[in-house]
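Novice: For reference, the file coords.cif (mmCIF, N, CA and C atoms) is included below:
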data_coords
#
loop_
_atom_site.label_atom_id
_atom_site.label_comp_id
_atom_site.auth_asym_id
_atom_site.auth_seq_id
_atom_site.Cartn_x
_atom_site.Cartn_y
_atom_site.Cartn_z
N MET A 1 -26.66 80.01 15.87
CA MET A 1 -25.65 79.31 15.10
C MET A 1 -25.78 77.81 15.35
N GLU A 2 -25.81 77.03 14.29
CA GLU A 2 -25.98 75.59 14.39
C GLU A 2 -24.64 74.91 14.63
N VAL A 3 -24.59 74.00 15.60
CA VAL A 3 -23.37 73.26 15.89
C VAL A 3 -23.38 71.96 15.10
N LEU A 4 -22.27 71.68 14.41
CA LEU A 4 -22.17 70.44 13.66
C LEU A 4 -21.61 69.35 14.55
N LEU A 5 -22.16 68.17 14.42
CA LEU A 5 -21.70 67.03 15.18
C LEU A 5 -20.72 66.24 14.31
N GLU A 6 -19.47 66.18 14.73
CA GLU A 6 -18.46 65.55 13.91
C GLU A 6 -18.18 64.14 14.43
N SER A 7 -18.04 63.21 13.50
CA SER A 7 -17.77 61.82 13.84
C SER A 7 -16.54 61.33 13.13
N ALA A 8 -15.72 60.57 13.83
CA ALA A 8 -14.62 59.86 13.18
C ALA A 8 -15.25 58.68 12.47
N ALA A 9 -15.23 58.72 11.14
CA ALA A 9 -15.96 57.74 10.35
C ALA A 9 -15.16 56.47 10.09
N CYS A 10 -13.90 56.62 9.66
CA CYS A 10 -13.05 55.47 9.37
C CYS A 10 -11.64 55.98 9.13
N ARG A 11 -10.70 55.07 8.96
CA ARG A 11 -9.35 55.45 8.56
C ARG A 11 -9.33 55.66 7.05
N LEU A 12 -8.53 56.60 6.60
CA LEU A 12 -8.43 56.88 5.16
C LEU A 12 -8.01 55.64 4.39
N ASP A 13 -7.10 54.85 4.95
CA ASP A 13 -6.62 53.67 4.23
C ASP A 13 -7.65 52.55 4.13
N GLU A 14 -8.81 52.74 4.74
CA GLU A 14 -9.90 51.77 4.59
C GLU A 14 -10.73 52.03 3.33
N ILE A 15 -10.44 53.14 2.65
CA ILE A 15 -11.12 53.47 1.39
C ILE A 15 -10.06 53.39 0.30
N PRO A 16 -10.25 52.56 -0.72
CA PRO A 16 -9.26 52.50 -1.79
C PRO A 16 -9.15 53.85 -2.51
N ASP A 17 -7.93 54.22 -2.88
CA ASP A 17 -7.74 55.46 -3.62
C ASP A 17 -8.54 55.40 -4.92
N GLY A 18 -9.40 56.38 -5.15
CA GLY A 18 -10.29 56.39 -6.30
C GLY A 18 -11.59 55.66 -6.05
N GLY A 19 -11.74 55.09 -4.86
CA GLY A 19 -12.92 54.30 -4.53
C GLY A 19 -13.87 55.01 -3.59
N ALA A 20 -14.84 54.24 -3.09
CA ALA A 20 -15.88 54.78 -2.23
C ALA A 20 -16.21 53.78 -1.13
N ARG A 21 -16.73 54.31 -0.04
CA ARG A 21 -17.17 53.46 1.06
C ARG A 21 -18.43 54.06 1.68
N GLY A 22 -19.38 53.19 1.98
CA GLY A 22 -20.60 53.62 2.67
C GLY A 22 -20.40 53.54 4.16
N LEU A 23 -20.89 54.55 4.87
CA LEU A 23 -20.76 54.60 6.32
C LEU A 23 -22.09 54.98 6.94
N VAL A 24 -22.30 54.54 8.16
CA VAL A 24 -23.49 54.92 8.92
C VAL A 24 -22.99 55.63 10.18
N LEU A 25 -23.33 56.90 10.31
CA LEU A 25 -22.92 57.68 11.47
C LEU A 25 -23.98 57.56 12.56
N PRO A 26 -23.58 57.79 13.80
CA PRO A 26 -24.52 57.63 14.92
C PRO A 26 -25.77 58.48 14.77
N ASP A 27 -26.82 58.04 15.43
CA ASP A 27 -28.11 58.73 15.44
C ASP A 27 -27.94 60.11 16.08
N THR A 28 -28.39 61.15 15.39
CA THR A 28 -28.33 62.51 15.93
C THR A 28 -29.71 63.03 16.30
N GLY A 29 -30.67 62.13 16.44
CA GLY A 29 -32.03 62.52 16.78
C GLY A 29 -33.00 62.27 15.65
N ASP A 30 -32.52 62.30 14.41
CA ASP A 30 -33.35 62.04 13.24
C ASP A 30 -33.04 60.67 12.64
N GLY A 31 -32.37 59.83 13.38
CA GLY A 31 -31.95 58.53 12.87
C GLY A 31 -30.50 58.60 12.42
N PRO A 32 -29.91 57.47 12.13
CA PRO A 32 -28.52 57.46 11.70
C PRO A 32 -28.36 58.14 10.34
N LEU A 33 -27.20 58.73 10.13
CA LEU A 33 -26.89 59.39 8.88
C LEU A 33 -26.08 58.44 8.01
N ARG A 34 -26.61 58.08 6.84
CA ARG A 34 -25.93 57.19 5.91
C ARG A 34 -25.23 58.05 4.86
N VAL A 35 -23.92 57.83 4.71
CA VAL A 35 -23.13 58.63 3.78
C VAL A 35 -22.29 57.72 2.90
N VAL A 36 -21.88 58.27 1.76
CA VAL A 36 -20.89 57.64 0.90
C VAL A 36 -19.69 58.58 0.89
N VAL A 37 -18.51 58.03 1.19
CA VAL A 37 -17.28 58.81 1.20
C VAL A 37 -16.43 58.35 0.03
N LEU A 38 -15.99 59.31 -0.78
CA LEU A 38 -15.15 59.05 -1.95
C LEU A 38 -13.74 59.54 -1.65
N ARG A 39 -12.76 58.75 -2.04
CA ARG A 39 -11.37 59.12 -1.78
C ARG A 39 -10.65 59.44 -3.09
N ARG A 40 -9.87 60.52 -3.06
CA ARG A 40 -8.95 60.84 -4.13
C ARG A 40 -7.65 61.24 -3.46
N GLY A 41 -6.67 60.32 -3.45
CA GLY A 41 -5.41 60.57 -2.77
C GLY A 41 -5.63 60.74 -1.29
N ASP A 42 -5.21 61.89 -0.75
CA ASP A 42 -5.37 62.17 0.68
C ASP A 42 -6.61 63.00 0.98
N ALA A 43 -7.47 63.20 -0.04
CA ALA A 43 -8.67 64.03 0.14
C ALA A 43 -9.93 63.16 0.04
N VAL A 44 -11.00 63.62 0.66
CA VAL A 44 -12.28 62.92 0.60
C VAL A 44 -13.40 63.89 0.25
N THR A 45 -14.45 63.34 -0.35
CA THR A 45 -15.70 64.02 -0.61
C THR A 45 -16.80 63.12 -0.08
N ALA A 46 -17.83 63.69 0.51
CA ALA A 46 -18.90 62.86 1.06
C ALA A 46 -20.27 63.39 0.64
N TYR A 47 -21.18 62.45 0.45
CA TYR A 47 -22.56 62.77 0.11
C TYR A 47 -23.48 61.89 0.96
N ARG A 48 -24.69 62.39 1.18
CA ARG A 48 -25.71 61.56 1.83
C ARG A 48 -26.00 60.40 0.88
N ASN A 49 -26.09 59.20 1.42
CA ASN A 49 -26.35 58.00 0.62
C ASN A 49 -27.85 57.92 0.35
N ARG A 50 -28.29 58.83 -0.54
CA ARG A 50 -29.72 58.89 -0.88
C ARG A 50 -29.86 59.50 -2.27
N CYS A 51 -30.49 58.76 -3.17
CA CYS A 51 -30.73 59.25 -4.52
C CYS A 51 -31.79 60.35 -4.48
N PRO A 52 -31.56 61.48 -5.16
CA PRO A 52 -32.57 62.54 -5.14
C PRO A 52 -33.84 62.17 -5.89
N HIS A 53 -33.83 61.12 -6.68
CA HIS A 53 -35.01 60.73 -7.46
C HIS A 53 -36.12 60.18 -6.56
N ARG A 54 -35.81 59.17 -5.77
CA ARG A 54 -36.82 58.55 -4.91
C ARG A 54 -36.41 58.45 -3.44
N GLY A 55 -35.22 58.88 -3.13
CA GLY A 55 -34.76 58.81 -1.74
C GLY A 55 -34.21 57.47 -1.33
N THR A 56 -33.99 56.58 -2.29
CA THR A 56 -33.46 55.25 -1.97
C THR A 56 -31.94 55.32 -1.81
N PRO A 57 -31.35 54.36 -1.08
CA PRO A 57 -29.89 54.31 -0.99
C PRO A 57 -29.29 54.10 -2.39
N LEU A 58 -28.09 54.62 -2.59
CA LEU A 58 -27.42 54.50 -3.88
C LEU A 58 -26.89 53.09 -4.13
N ASP A 59 -26.57 52.37 -3.06
CA ASP A 59 -25.98 51.04 -3.20
C ASP A 59 -26.96 49.95 -2.78
N LEU A 60 -26.97 48.87 -3.54
CA LEU A 60 -27.73 47.68 -3.12
C LEU A 60 -26.83 46.71 -2.39
N ARG A 61 -25.56 46.69 -2.78
CA ARG A 61 -24.54 45.89 -2.10
C ARG A 61 -23.62 46.86 -1.38
N PRO A 62 -23.16 46.49 -0.19
CA PRO A 62 -22.30 47.41 0.57
C PRO A 62 -21.10 47.90 -0.25
N ASP A 63 -20.90 49.21 -0.22
CA ASP A 63 -19.76 49.89 -0.84
C ASP A 63 -19.72 49.79 -2.35
N ASP A 64 -20.82 49.42 -3.00
CA ASP A 64 -20.88 49.32 -4.46
C ASP A 64 -21.56 50.57 -5.00
N PHE A 65 -20.76 51.65 -5.15
CA PHE A 65 -21.30 52.95 -5.54
C PHE A 65 -20.86 53.40 -6.92
N LEU A 66 -19.77 52.87 -7.44
CA LEU A 66 -19.16 53.42 -8.65
C LEU A 66 -19.41 52.54 -9.86
N ASP A 67 -19.33 53.17 -11.05
CA ASP A 67 -19.42 52.40 -12.28
C ASP A 67 -18.15 51.55 -12.44
N ARG A 68 -18.11 50.72 -13.45
CA ARG A 68 -16.98 49.79 -13.62
C ARG A 68 -15.64 50.49 -13.76
N GLU A 69 -15.66 51.67 -14.37
CA GLU A 69 -14.42 52.42 -14.56
C GLU A 69 -14.04 53.24 -13.33
N GLY A 70 -14.95 53.35 -12.37
CA GLY A 70 -14.70 54.14 -11.17
C GLY A 70 -14.79 55.64 -11.40
N LYS A 71 -15.41 56.06 -12.51
CA LYS A 71 -15.49 57.47 -12.86
C LYS A 71 -16.70 58.19 -12.28
N HIS A 72 -17.80 57.46 -12.09
CA HIS A 72 -19.05 58.08 -11.65
C HIS A 72 -19.70 57.27 -10.54
N ILE A 73 -20.54 57.96 -9.77
CA ILE A 73 -21.41 57.31 -8.78
C ILE A 73 -22.66 56.88 -9.54
N VAL A 74 -23.14 55.68 -9.26
CA VAL A 74 -24.33 55.16 -9.94
C VAL A 74 -25.35 54.73 -8.90
N CYS A 75 -26.61 55.13 -9.09
CA CYS A 75 -27.70 54.67 -8.24
C CYS A 75 -28.08 53.26 -8.70
N ALA A 76 -27.96 52.31 -7.81
CA ALA A 76 -28.25 50.92 -8.16
C ALA A 76 -29.74 50.69 -8.42
N THR A 77 -30.60 51.53 -7.89
CA THR A 77 -32.04 51.35 -8.06
C THR A 77 -32.53 51.84 -9.41
N HIS A 78 -32.12 53.04 -9.82
CA HIS A 78 -32.66 53.66 -11.03
C HIS A 78 -31.63 53.88 -12.13
N GLY A 79 -30.36 53.62 -11.85
CA GLY A 79 -29.32 53.80 -12.86
C GLY A 79 -28.89 55.24 -13.08
N ALA A 80 -29.31 56.16 -12.23
CA ALA A 80 -28.87 57.55 -12.37
C ALA A 80 -27.35 57.60 -12.20
N ILE A 81 -26.71 58.50 -12.96
CA ILE A 81 -25.25 58.63 -12.93
C ILE A 81 -24.91 60.02 -12.41
N PHE A 82 -24.01 60.07 -11.43
CA PHE A 82 -23.62 61.31 -10.77
C PHE A 82 -22.11 61.53 -10.90
N ARG A 83 -21.72 62.80 -11.07
CA ARG A 83 -20.30 63.13 -11.07
C ARG A 83 -19.77 63.01 -9.64
N LYS A 84 -18.58 62.46 -9.50
CA LYS A 84 -17.96 62.31 -8.19
C LYS A 84 -17.58 63.67 -7.60
N GLU A 85 -17.18 64.60 -8.46
CA GLU A 85 -16.65 65.89 -8.00
C GLU A 85 -17.69 66.76 -7.31
N ASP A 86 -18.92 66.77 -7.83
CA ASP A 86 -19.91 67.68 -7.27
C ASP A 86 -21.28 67.05 -7.03
N GLY A 87 -21.43 65.75 -7.32
CA GLY A 87 -22.68 65.05 -7.06
C GLY A 87 -23.79 65.36 -8.03
N GLU A 88 -23.52 66.08 -9.12
CA GLU A 88 -24.57 66.41 -10.08
C GLU A 88 -24.95 65.18 -10.89
N CYS A 89 -26.26 64.97 -11.06
CA CYS A 89 -26.76 63.86 -11.87
C CYS A 89 -26.63 64.27 -13.33
N ILE A 90 -25.89 63.46 -14.10
CA ILE A 90 -25.65 63.77 -15.51
C ILE A 90 -26.43 62.86 -16.45
N ALA A 91 -27.07 61.82 -15.90
CA ALA A 91 -27.91 60.93 -16.71
C ALA A 91 -28.86 60.17 -15.80
N GLY A 92 -30.06 59.93 -16.29
CA GLY A 92 -31.04 59.18 -15.52
C GLY A 92 -32.25 60.01 -15.16
N PRO A 93 -33.11 59.47 -14.30
CA PRO A 93 -34.39 60.11 -14.01
C PRO A 93 -34.29 61.40 -13.21
N CYS A 94 -33.14 61.71 -12.65
CA CYS A 94 -33.02 62.95 -11.86
C CYS A 94 -31.95 63.87 -12.44
N THR A 95 -31.75 63.83 -13.76
CA THR A 95 -30.75 64.66 -14.41
C THR A 95 -30.90 66.12 -13.98
N GLY A 96 -29.77 66.71 -13.59
CA GLY A 96 -29.77 68.10 -13.14
C GLY A 96 -29.86 68.24 -11.63
N ASP A 97 -30.37 67.23 -10.94
CA ASP A 97 -30.40 67.25 -9.48
C ASP A 97 -29.01 66.92 -8.96
N ARG A 98 -28.82 67.03 -7.66
CA ARG A 98 -27.52 66.73 -7.05
C ARG A 98 -27.69 65.87 -5.81
N LEU A 99 -26.64 65.11 -5.54
CA LEU A 99 -26.55 64.42 -4.27
C LEU A 99 -26.33 65.48 -3.18
N GLU A 100 -26.78 65.20 -1.98
CA GLU A 100 -26.64 66.14 -0.87
C GLU A 100 -25.24 66.04 -0.28
N PRO A 101 -24.43 67.12 -0.37
CA PRO A 101 -23.07 67.06 0.17
C PRO A 101 -23.05 67.02 1.68
N ILE A 102 -22.06 66.34 2.21
CA ILE A 102 -21.82 66.26 3.65
C ILE A 102 -20.37 66.69 3.87
N ALA A 103 -20.14 67.59 4.79
CA ALA A 103 -18.78 68.07 5.05
C ALA A 103 -17.92 66.94 5.60
N ALA A 104 -16.74 66.77 5.01
CA ALA A 104 -15.81 65.73 5.44
C ALA A 104 -14.39 66.20 5.19
N ARG A 105 -13.46 65.68 5.99
CA ARG A 105 -12.05 66.00 5.83
C ARG A 105 -11.21 64.89 6.44
N VAL A 106 -9.93 64.94 6.21
CA VAL A 106 -9.00 63.96 6.75
C VAL A 106 -8.04 64.66 7.71
N GLU A 107 -7.89 64.09 8.88
CA GLU A 107 -6.91 64.58 9.86
C GLU A 107 -6.14 63.39 10.41
N ASN A 108 -4.84 63.43 10.27
CA ASN A 108 -3.98 62.36 10.79
C ASN A 108 -4.42 60.98 10.32
N GLY A 109 -4.83 60.89 9.05
CA GLY A 109 -5.22 59.61 8.48
C GLY A 109 -6.61 59.13 8.84
N ILE A 110 -7.37 59.96 9.55
CA ILE A 110 -8.73 59.61 9.96
C ILE A 110 -9.72 60.47 9.19
N VAL A 111 -10.77 59.83 8.63
CA VAL A 111 -11.82 60.56 7.93
C VAL A 111 -12.82 61.07 8.96
N LEU A 112 -13.03 62.37 8.96
CA LEU A 112 -13.98 63.02 9.87
C LEU A 112 -15.15 63.51 9.03
N VAL A 113 -16.36 63.15 9.43
CA VAL A 113 -17.57 63.52 8.70
C VAL A 113 -18.50 64.25 9.63
N ASP A 114 -19.02 65.40 9.16
CA ASP A 114 -19.97 66.17 9.97
C ASP A 114 -21.33 65.50 9.93
N GLY A 115 -22.03 65.57 11.04
CA GLY A 115 -23.34 64.94 11.14
C GLY A 115 -24.46 65.74 10.51
N MET A 116 -24.16 66.91 9.99
CA MET A 116 -25.17 67.74 9.35
C MET A 116 -24.63 68.16 7.99
N PRO A 117 -25.50 68.33 6.99
CA PRO A 117 -25.02 68.81 5.68
C PRO A 117 -24.56 70.25 5.79
N PRO A 118 -23.57 70.65 4.95
CA PRO A 118 -23.13 72.04 4.98
C PRO A 118 -24.21 72.96 4.42
N GLU A 119 -24.12 74.22 4.78
CA GLU A 119 -25.06 75.22 4.24
C GLU A 119 -24.76 75.36 2.76
N LEU A 120 -25.81 75.35 1.93
CA LEU A 120 -25.62 75.49 0.48
C LEU A 120 -25.83 76.93 0.06
#
Could you take the file, read its structure, and then write that structure out as structure tokens?

Specialist:
Amino acid sequence: MEVLLESAACRLDEIPDGGARGLVLPDTGDGPLRVVVLRRGDAVTAYRNRCPHRGTPLDLRPDDFLDREGKHIVCATHGAIFRKEDGECIAGPCTGDRLEPIAARVENGIVLVDGMPPEL
């Protein structure tokens, strides 16, 4: 059985409601884990900050992950568009692929992110 390494990533109020924040979790042996955490009210969703098309980070500027309307995640390198709810690419060079989900939750106003992706 694989043990997940959980990290306190940030306070929930550090992420605007409907917004996103990029985080770097401590090195777990394979280098630091870069994630994007999306907030909706008191809930969070997290994905590895890596486009499935070429493996590049989704943001070129810190915390700049969403389109102007805040409806979708956008890869700044290739313009791929991903749904916030499930990470599926709906337009761009990797249409049909998905962002890699990372288990995350909120406890007592603190965002907790697992250091390993959940089993798919």

Novice: Could you check which of A:His72, A:Asp30, A:Ala104, A:Lys84 is closest to A:Val44, using all atoms listed in the file?

Specialist: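 Using all atoms listed in the file, A:Val44 sits closest to A:Ala104.
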
Novice: I'd like to know which of A:Asp86, A:Asp59, A:Glu14, A:Asp42 is closest to A:Val106, using all atoms listed in the file.

Specialist: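 Of A:Asp86, A:Asp59, A:Glu14, A:Asp42, the one nearest A:Val106, counting all atoms listed in the file, is A:Asp42.
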
Novice: Figure out the distance between atom N of A:Val74 and atom N of A:Asn108, please, to one decimal in Å.

Specialist: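 If I compute the distance from atom N of A:Asn108 to atom N of A:Val74, I get 27.9 Å.
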
Novice: To one decimal in Å, tell me the separation between atom C of A:Val24 and atom N of A:Val111.

Specialist: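 Between atom C of A:Val24 and atom N of A:Val111 the gap works out to 13.0 Å.
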
Novice: I need the output of the PyMOL selection byres (((chain A and resi 103 and name CA) around 6) and name CA) for this file as an NGL selection string; which residues are they?

Specialist: :A and (102 or 104 or 113-114 or 118)

Novice: Using only C-alpha atoms, which of A:Gly19, A:Pro57, A:Gly70, A:Pro62 sits nearest A:Gly41?

Specialist: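 Checking each of A:Gly19, A:Pro57, A:Gly70, A:Pro62 against A:Gly41, counting only C-alpha atoms, the winner is A:Gly19.
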
Novice: One decimal, in Å: what's the spacing between atom CA of A:Gly87 and atom C of A:Pro16?

Specialist: 18.1 Å

Novice: Can you turn the PyMOL selection byres (((chain A and resi 22 and name CA) around 9) and name CA) into a concrete residue list for this file, as a list in words?

Specialist: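 Applied to this file, the PyMOL selection byres (((chain A and resi 22 and name CA) around 9) and name CA) returns Ala20, Arg21, Leu23, Val24, Arg34, Val35, Val36, Val37, Leu38, Asn49, Asp59, Pro62, Asp63, Asp64 and Phe65 of chain A.
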
Novice: Report the residues of chain A whose backbone DSSP state falls under strand (DSSP E or B), written as a PyMOL selection string.

Specialist: chain A and resi 6-11+20-25+33-40+43-48+66+72-74+81-83+88-91+98+101-102+104-107+110-114

Novice: So that all listed atoms of stretch 76-83 of chain A fit with 4 Å spare on each side, what axis-aligned box centre and edge lengths in Å, to one decimal, would you give as lines of an AutoDock Vina configuration file?

Specialist:
center_x = -26.2
center_y = 56.9
center_z = -10.4
size_x = 20.9
size_y = 20.4
size_z = 13.3

Novice: Return the single residue from A:Pro93, A:Gly31, A:Phe82, A:Leu25 that is closest to A:Ala9, with distances computed using all atoms listed in the file.

Specialist: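 So, comparing all the options, the nearest one is A:Leu25.
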
Novice: Given the file shown, determine the residues that the PyMOL selection byres (((chain A and resi 54 and name CA) around 12) and name CA) selects; report them as a PyMOL selection string.

Specialist: chain A and resi 49-53+55-58+75-80+93-94+97+99
